[in-house]
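Undergrad: Below are the structure tokens for one structure; questions will follow.
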Amino acid sequence: MTGCQTLLRLRHIAAASLLLLGVLTSGALLQSQTNSQDQKDSGPQSWSSTTEQRDSSGTANATRTTVSHKEDKNSVTEKRTIERVGDGGRYQPYLETERETVHVNATTTKTVERTYARDANGNRQLMQVTQSETQGSAGGDQRVTRTTLNPDANGSLQTVRREIEDSKQLSPGVQETKTTVLGPDSSGSLVPVQRTVERQTQSGENSVKFHKETSSADINGGWQTNEIREGSVTKNGAEQVKEENVLRPNGDGKFAVAERTVSRDSDPKTGNAKSTVESFSTSTPGMADEGTLRLNQRVTTTQSKGTDGKKVTRQQVEQRNAGNPGDSLGLTQQTIQVVSPGPNGTTQSRTVQTVDANGNLNSVWVNMGRTDQSGAIQVDTNSNQAKAADSKSKAGAPASAGSPNTPAAQGSPKR
């Protein structure tokens with residue numbers, strides 16, 4: 001096998017594994033945000049966790065994920081290893097991610113993440129390097145630069161993507177974020193390929209309005225807007241409501257609403273929380289597109305906390321029946337997660353169930369995990385809630401409610 005063929009194969013492996021990793025880390029659902037805050041409050045610490053993932057049918061290969069986390073005064077290091085059952089029925093390394101975050105000073109943070117896969121001989125091969133640097137200012141402005149590098153056929157790292165995000169406080173209650181994505185052209189030089197401009201404006205004491213435009217570079221060196229997202233986030237007592245419309249060009253080239261999302265989140269401070277996300281679209285499989293918004297999906301997530309500290313999170317996904325799209329929504333998937341703290345650490349179980357042709361719920365994926373840290377399973381998520389909370393601190397406005405990720409029953413293929 002040539003170097004190019006080997007590299008291409010490894011990149012396919014890494015892409016599939018990163019998808020699996022996203023599925024595994026989405027299991028925290030509502031509690032991921034509260035757990036992250038718990039750990040911030042408890043200060044620097046080290047911990048490790050192990051989680052096994054198995055599907056009930058046996059069609060997907062069982063995997064095991066091990067995470068080790070270490071913090072000191074100015075840095076955080078984390079290593080995540082995914083193993084799958086190989087020859088002889090034993091776990092073998094499959095994908096590894098190493099990440100180090102260093103707080104350079106009060107306003108600058110640097111992060112380097114390296115992803116490795118295994119070749120056909122079991123040797124570890126570097127697949128991707130991601131570097132990011134965050135620089136803040138006393139006035140609240142911030143610049144984030146993210147660079148992605150991939151090795152070429154000779155193993156030399158080449159920049160394949162760079163993202164520059166600038167956030168500025170334009171005035172009290174008004175924040176603007178401009179993001180430019182650069183990619184290599186035919187000569188290998190980095191050129192702008194995409195741009196987003198988002199503005200958040202405080203509207204009243206408990207409401208924020210937002211407007212975000214995404215544009216692509218055209219052949220003349222200008223920008224062509226291809227999507228607009230706008231809406232509001234409002235705090236009503238213990239409930240937060242986010243309404244978002246997505247506008248895209250229609251057949252006449254004019255922007256029209258193509259999608260709409262309404263999210264409702266209750267305050268999780270009591271330990272019992274509920275989130276509902278309803279997704280509307282003018283496009284419904286099996287139905288004519290008449291430009292009318294139809295409710296196509298509803299995701300409901302509830303969380304309860306017992307007096308013993310055990311947290312039970314249940315997420316239900318309702319969708320239209322592809323065979324009878326005119327029918328009302330029906331349950332298609334359910335995820336149940338139980339997190340139980342104990343004196344020797346925390347255990348977690350997560351079960352994904354889907355509805356069969358007879359309307360019965362069947363378990364298709366089961367995760368069992370343990371961490372040596374008491375109190376919470378550590379979960380690495382890139383939630384919209386966390387980003388919105390950061391926006392709140394900058395703009396003095398309510399945090400935007402992020403939509404929970406819908407988990408999928410996926411696994412690595414058997415070898």
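Each chain in the structure tokens gets a letter, A, B, ..., in the order shown, and its residues are numbered from 1; ligands are numbered from 1 in order too.
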Which polymer residues have any atom within 12 Å of an atom of Glu113 of chain A, counting only C-alpha atoms, with same-chain residues fewer than 3 positions away left out, as a ChimeraX atom specification?
TA: /A:76-80,96-102,110,116,126-133,146-149
Undergrad: May I have the selected residues written with C-alpha atoms, as a PDB file, in the first residue's frame?
TA:
```pdb
ATOM      1  CA  VAL A  76      -5.035  21.474  31.628  1.00  0.00           C
ATOM      2  CA  THR A  77      -4.072  18.248  29.852  1.00  0.00           C
ATOM      3  CA  GLU A  78      -6.441  15.528  28.730  1.00  0.00           C
ATOM      4  CA  LYS A  79      -5.995  12.260  26.871  1.00  0.00           C
ATOM      5  CA  ARG A  80      -8.915  10.332  25.393  1.00  0.00           C
ATOM      6  CA  GLU A  96      -6.456   8.764  20.510  1.00  0.00           C
ATOM      7  CA  THR A  97      -6.812  12.472  21.194  1.00  0.00           C
ATOM      8  CA  GLU A  98      -4.361  14.489  23.283  1.00  0.00           C
ATOM      9  CA  ARG A  99      -5.183  18.055  24.242  1.00  0.00           C
ATOM     10  CA  GLU A 100      -3.265  20.626  26.261  1.00  0.00           C
ATOM     11  CA  THR A 101      -4.537  24.066  27.247  1.00  0.00           C
ATOM     12  CA  VAL A 102      -2.093  26.622  28.658  1.00  0.00           C
ATOM     13  CA  LYS A 110      -3.444  28.515  23.893  1.00  0.00           C
ATOM     14  CA  TYR A 116      -3.947   9.820  16.227  1.00  0.00           C
ATOM     15  CA  LEU A 126      -0.772  11.459  13.521  1.00  0.00           C
ATOM     16  CA  MET A 127      -3.967  12.404  11.667  1.00  0.00           C
ATOM     17  CA  GLN A 128      -4.665  16.007  12.616  1.00  0.00           C
ATOM     18  CA  VAL A 129      -3.415  18.910  14.722  1.00  0.00           C
ATOM     19  CA  THR A 130      -5.687  21.732  15.863  1.00  0.00           C
ATOM     20  CA  GLN A 131      -4.196  24.864  17.393  1.00  0.00           C
ATOM     21  CA  SER A 132      -6.207  27.672  18.938  1.00  0.00           C
ATOM     22  CA  GLU A 133      -5.312  30.923  20.646  1.00  0.00           C
ATOM     23  CA  ARG A 146      -8.139  28.262  15.231  1.00  0.00           C
ATOM     24  CA  THR A 147      -5.806  26.491  12.810  1.00  0.00           C
ATOM     25  CA  THR A 148      -6.231  22.934  11.513  1.00  0.00           C
ATOM     26  CA  LEU A 149      -3.241  21.057  10.089  1.00  0.00           C
TER      27      LEU A 149
END
```
Undergrad: Could you pull out the strand (DSSP E) residues of segment 171-337 of chain A, going by DSSP on the backbone, and write them as a PyMOL selection string?
TA: chain A and resi 171+174-184+190-202+207-217+223-236+239-249+255-266+273-281+294-305+311-319+330-337
Undergrad: Restricting it to C-alpha atoms, dump the selection as a tab-separated table (two decimals), in the first residue's frame.
TA:
```tsv
chain	number	residue	atom	x	y	z
A	171	SER	CA	-22.03	49.68	22.73
A	174	VAL	CA	-24.69	45.32	21.72
A	175	GLN	CA	-22.08	42.73	20.80
A	176	GLU	CA	-20.87	41.79	17.32
A	177	THR	CA	-18.88	38.71	16.32
A	178	LYS	CA	-17.24	38.37	12.91
A	179	THR	CA	-15.84	34.99	11.88
A	180	THR	CA	-13.77	34.41	8.75
A	181	VAL	CA	-12.85	30.93	7.53
A	182	LEU	CA	-9.80	30.58	5.29
A	183	GLY	CA	-8.90	27.57	3.14
A	184	PRO	CA	-6.11	26.74	0.67
A	190	LEU	CA	-4.89	30.52	2.42
A	191	VAL	CA	-7.77	32.65	1.14
A	192	PRO	CA	-11.14	33.61	2.71
A	193	VAL	CA	-13.90	31.16	1.79
A	194	GLN	CA	-16.65	31.87	4.31
A	195	ARG	CA	-17.71	34.68	6.62
A	196	THR	CA	-20.32	35.05	9.34
A	197	VAL	CA	-21.40	38.25	11.07
A	198	GLU	CA	-23.55	37.95	14.19
A	199	ARG	CA	-24.95	40.76	16.28
A	200	GLN	CA	-26.65	40.36	19.66
A	201	THR	CA	-28.68	43.26	21.00
A	202	GLN	CA	-30.24	43.45	24.44
A	207	SER	CA	-34.56	39.60	26.25
A	208	VAL	CA	-31.85	39.47	23.58
A	209	LYS	CA	-32.31	39.70	19.82
A	210	PHE	CA	-29.77	38.18	17.44
A	211	HIS	CA	-29.08	38.36	13.71
A	212	LYS	CA	-26.48	36.22	11.95
A	213	GLU	CA	-25.56	36.23	8.26
A	214	THR	CA	-23.42	33.53	6.62
A	215	SER	CA	-21.74	34.35	3.31
A	216	SER	CA	-19.48	32.51	0.86
A	217	ALA	CA	-16.71	34.04	-1.24
A	223	TRP	CA	-19.31	37.87	-0.58
A	224	GLN	CA	-22.60	36.15	-1.40
A	225	THR	CA	-25.01	35.78	1.54
A	226	ASN	CA	-26.59	32.31	1.56
A	227	GLU	CA	-28.21	32.09	4.98
A	228	ILE	CA	-29.65	34.37	7.65
A	229	ARG	CA	-30.52	33.34	11.20
A	230	GLU	CA	-32.46	35.69	13.42
A	231	GLY	CA	-34.57	35.50	16.52
A	232	SER	CA	-34.67	36.21	20.22
A	233	VAL	CA	-33.94	34.73	23.63
A	234	THR	CA	-36.32	35.70	26.42
A	235	LYS	CA	-36.30	34.88	30.11
A	236	ASN	CA	-39.80	34.38	31.52
A	239	GLU	CA	-38.32	29.51	31.81
A	240	GLN	CA	-36.08	30.61	28.97
A	241	VAL	CA	-37.46	30.67	25.42
A	242	LYS	CA	-35.38	30.85	22.26
A	243	GLU	CA	-37.04	31.43	18.89
A	244	GLU	CA	-34.94	31.22	15.73
A	245	ASN	CA	-35.86	31.59	12.06
A	246	VAL	CA	-33.55	30.40	9.28
A	247	LEU	CA	-33.92	32.27	6.00
A	248	ARG	CA	-32.53	31.03	2.66
A	249	PRO	CA	-32.96	32.22	-0.94
A	255	PHE	CA	-34.77	35.34	1.35
A	256	ALA	CA	-37.68	33.47	2.94
A	257	VAL	CA	-38.11	31.49	6.16
A	258	ALA	CA	-37.13	27.86	5.49
A	259	GLU	CA	-36.80	26.59	9.06
A	260	ARG	CA	-37.92	27.63	12.53
A	261	THR	CA	-36.87	26.36	15.94
A	262	VAL	CA	-38.53	27.07	19.29
A	263	SER	CA	-36.67	25.99	22.43
A	264	ARG	CA	-38.01	26.12	25.99
A	265	ASP	CA	-35.75	25.45	28.97
A	266	SER	CA	-36.63	25.46	32.65
A	273	ALA	CA	-35.11	20.46	34.57
A	274	LYS	CA	-37.02	20.22	31.32
A	275	SER	CA	-36.10	21.23	27.79
A	276	THR	CA	-38.31	21.11	24.70
A	277	VAL	CA	-37.06	21.85	21.19
A	278	GLU	CA	-39.56	22.00	18.31
A	279	SER	CA	-38.23	22.11	14.74
A	280	PHE	CA	-40.34	23.39	11.85
A	281	SER	CA	-39.46	23.28	8.16
A	294	ARG	CA	-44.63	22.22	9.41
A	295	LEU	CA	-43.63	20.76	12.76
A	296	ASN	CA	-41.27	17.89	11.85
A	297	GLN	CA	-39.52	17.08	15.11
A	298	ARG	CA	-39.88	17.56	18.85
A	299	VAL	CA	-37.09	16.70	21.31
A	300	THR	CA	-38.06	16.65	25.01
A	301	THR	CA	-35.39	16.24	27.69
A	302	THR	CA	-36.20	15.93	31.40
A	303	GLN	CA	-33.86	15.58	34.32
A	304	SER	CA	-34.62	14.59	37.90
A	305	LYS	CA	-32.31	14.44	40.89
A	311	LYS	CA	-29.50	12.03	38.31
A	312	VAL	CA	-31.85	10.50	35.76
A	313	THR	CA	-32.05	12.15	32.34
A	314	ARG	CA	-34.59	11.06	29.76
A	315	GLN	CA	-34.67	12.35	26.19
A	316	GLN	CA	-37.47	11.52	23.76
A	317	VAL	CA	-37.41	12.28	20.03
A	318	GLU	CA	-40.70	12.57	18.14
A	319	GLN	CA	-40.74	12.76	14.33
A	330	GLY	CA	-44.67	9.88	16.87
A	331	LEU	CA	-41.97	8.67	19.26
A	332	THR	CA	-38.94	7.35	17.34
A	333	GLN	CA	-36.12	7.31	19.90
A	334	GLN	CA	-35.54	7.49	23.63
A	335	THR	CA	-32.34	7.89	25.62
A	336	ILE	CA	-32.14	7.22	29.36
A	337	GLN	CA	-29.06	8.16	31.34
```
Undergrad: Mind pulling up the distance from atom CA of Gly155 of chain A to atom CA of Ser187 of chain A?
TA: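 A separation of 19.3 Å between them.
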Undergrad: Within 10 Å of Thr351 of chain A, counting only C-alpha atoms, which residues show up once you throw out same-chain ones fewer than 6 positions away? Write them as a PDB file with C-alpha atoms, in the first residue's frame, please.
TA:
```pdb
ATOM      1  CA  GLY A  27     -24.577  11.611  26.525  1.00  0.00           C
ATOM      2  CA  GLN A  53     -20.322   1.078  24.680  1.00  0.00           C
ATOM      3  CA  ARG A  54     -22.172  -1.949  23.340  1.00  0.00           C
ATOM      4  CA  ASP A  55     -25.130  -2.405  21.013  1.00  0.00           C
ATOM      5  CA  ARG A 314     -34.586  11.057  29.761  1.00  0.00           C
ATOM      6  CA  GLN A 334     -35.543   7.488  23.628  1.00  0.00           C
ATOM      7  CA  THR A 335     -32.344   7.886  25.621  1.00  0.00           C
ATOM      8  CA  ILE A 336     -32.142   7.217  29.358  1.00  0.00           C
ATOM      9  CA  GLN A 337     -29.060   8.157  31.339  1.00  0.00           C
ATOM     10  CA  VAL A 338     -28.458   7.480  35.017  1.00  0.00           C
ATOM     11  CA  ASN A 362     -35.946  -1.713  21.770  1.00  0.00           C
ATOM     12  CA  SER A 363     -32.515  -1.009  23.245  1.00  0.00           C
ATOM     13  CA  VAL A 364     -29.914  -0.565  20.516  1.00  0.00           C
ATOM     14  CA  TRP A 365     -26.974   0.940  22.372  1.00  0.00           C
ATOM     15  CA  VAL A 366     -25.799   0.730  25.997  1.00  0.00           C
ATOM     16  CA  ASN A 367     -22.976   2.693  27.646  1.00  0.00           C
ATOM     17  CA  MET A 368     -21.582   1.773  31.057  1.00  0.00           C
ATOM     18  CA  ALA A 409     -27.059   4.711  17.885  1.00  0.00           C
TER      19      ALA A 409
END
```
Undergrad: So how far away is atom CA of Gly136 of chain A from atom CA of Thr108 of chain A, in Å?
TA: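 The value is 6.5 Å.
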Undergrad: Rank nothing, just name the residue among A:Asn105, A:Thr292, A:Asn324, A:Asn121 nearest to Ser137 of chain A, using only C-alpha atoms.
TA: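 Checking each candidate against Ser137 of chain A, we get A:Asn105 as the closest.
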Undergrad: Would you list the contacts of Asp72 of chain A as a VMD selection string, taking every protein, DNA or RNA residue within 9 Å and counting only C-alpha atoms, but skipping same-chain residues closer than 2 positions in sequence?
TA: chain A and resid 44 to 46 70 74 to 77
Undergrad: For the residues in that selection, give me C-alpha atoms as a PDB file, in the first residue's frame.
TA:
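Generated output (selection.pdb):
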```
ATOM      1  CA  PRO A  44      -7.772  22.165  39.900  1.00  0.00           C
ATOM      2  CA  GLN A  45      -8.027  18.399  39.981  1.00  0.00           C
ATOM      3  CA  SER A  46      -7.092  15.165  38.252  1.00  0.00           C
ATOM      4  CA  LYS A  70      -5.039  16.605  34.815  1.00  0.00           C
ATOM      5  CA  ASN A  74      -1.732  27.250  34.480  1.00  0.00           C
ATOM      6  CA  SER A  75      -2.574  24.286  32.278  1.00  0.00           C
ATOM      7  CA  VAL A  76      -5.035  21.474  31.628  1.00  0.00           C
ATOM      8  CA  THR A  77      -4.072  18.248  29.852  1.00  0.00           C
TER       9      THR A  77
END
```
Undergrad: Do a neighbour search on Gly188 of chain A at 10 Å with only C-alpha atoms, toss out local chain neighbours closer than 5 positions, and write the hits as an mmCIF file with N, CA and C atoms, in the first residue's frame.
TA:
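In the end it all went to around_28.cif:
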```cif
data_model
loop_
_atom_site.group_PDB
_atom_site.id
_atom_site.type_symbol
_atom_site.label_atom_id
_atom_site.label_comp_id
_atom_site.auth_asym_id
_atom_site.auth_seq_id
_atom_site.Cartn_x
_atom_site.Cartn_y
_atom_site.Cartn_z
ATOM 1 N N GLN A 158 0.415 20.366 6.938
ATOM 2 C CA GLN A 158 -0.031 21.421 6.047
ATOM 3 C C GLN A 158 -1.310 22.050 6.607
ATOM 4 N N THR A 159 -1.379 23.378 6.601
ATOM 5 C CA THR A 159 -2.579 24.058 7.085
ATOM 6 C C THR A 159 -3.715 23.876 6.085
ATOM 7 N N VAL A 160 -4.840 23.318 6.551
ATOM 8 C CA VAL A 160 -5.992 23.076 5.677
ATOM 9 C C VAL A 160 -7.168 23.989 6.021
ATOM 10 N N GLY A 183 -9.299 28.876 3.628
ATOM 11 C CA GLY A 183 -8.896 27.567 3.145
ATOM 12 C C GLY A 183 -7.878 27.716 2.030
#
```
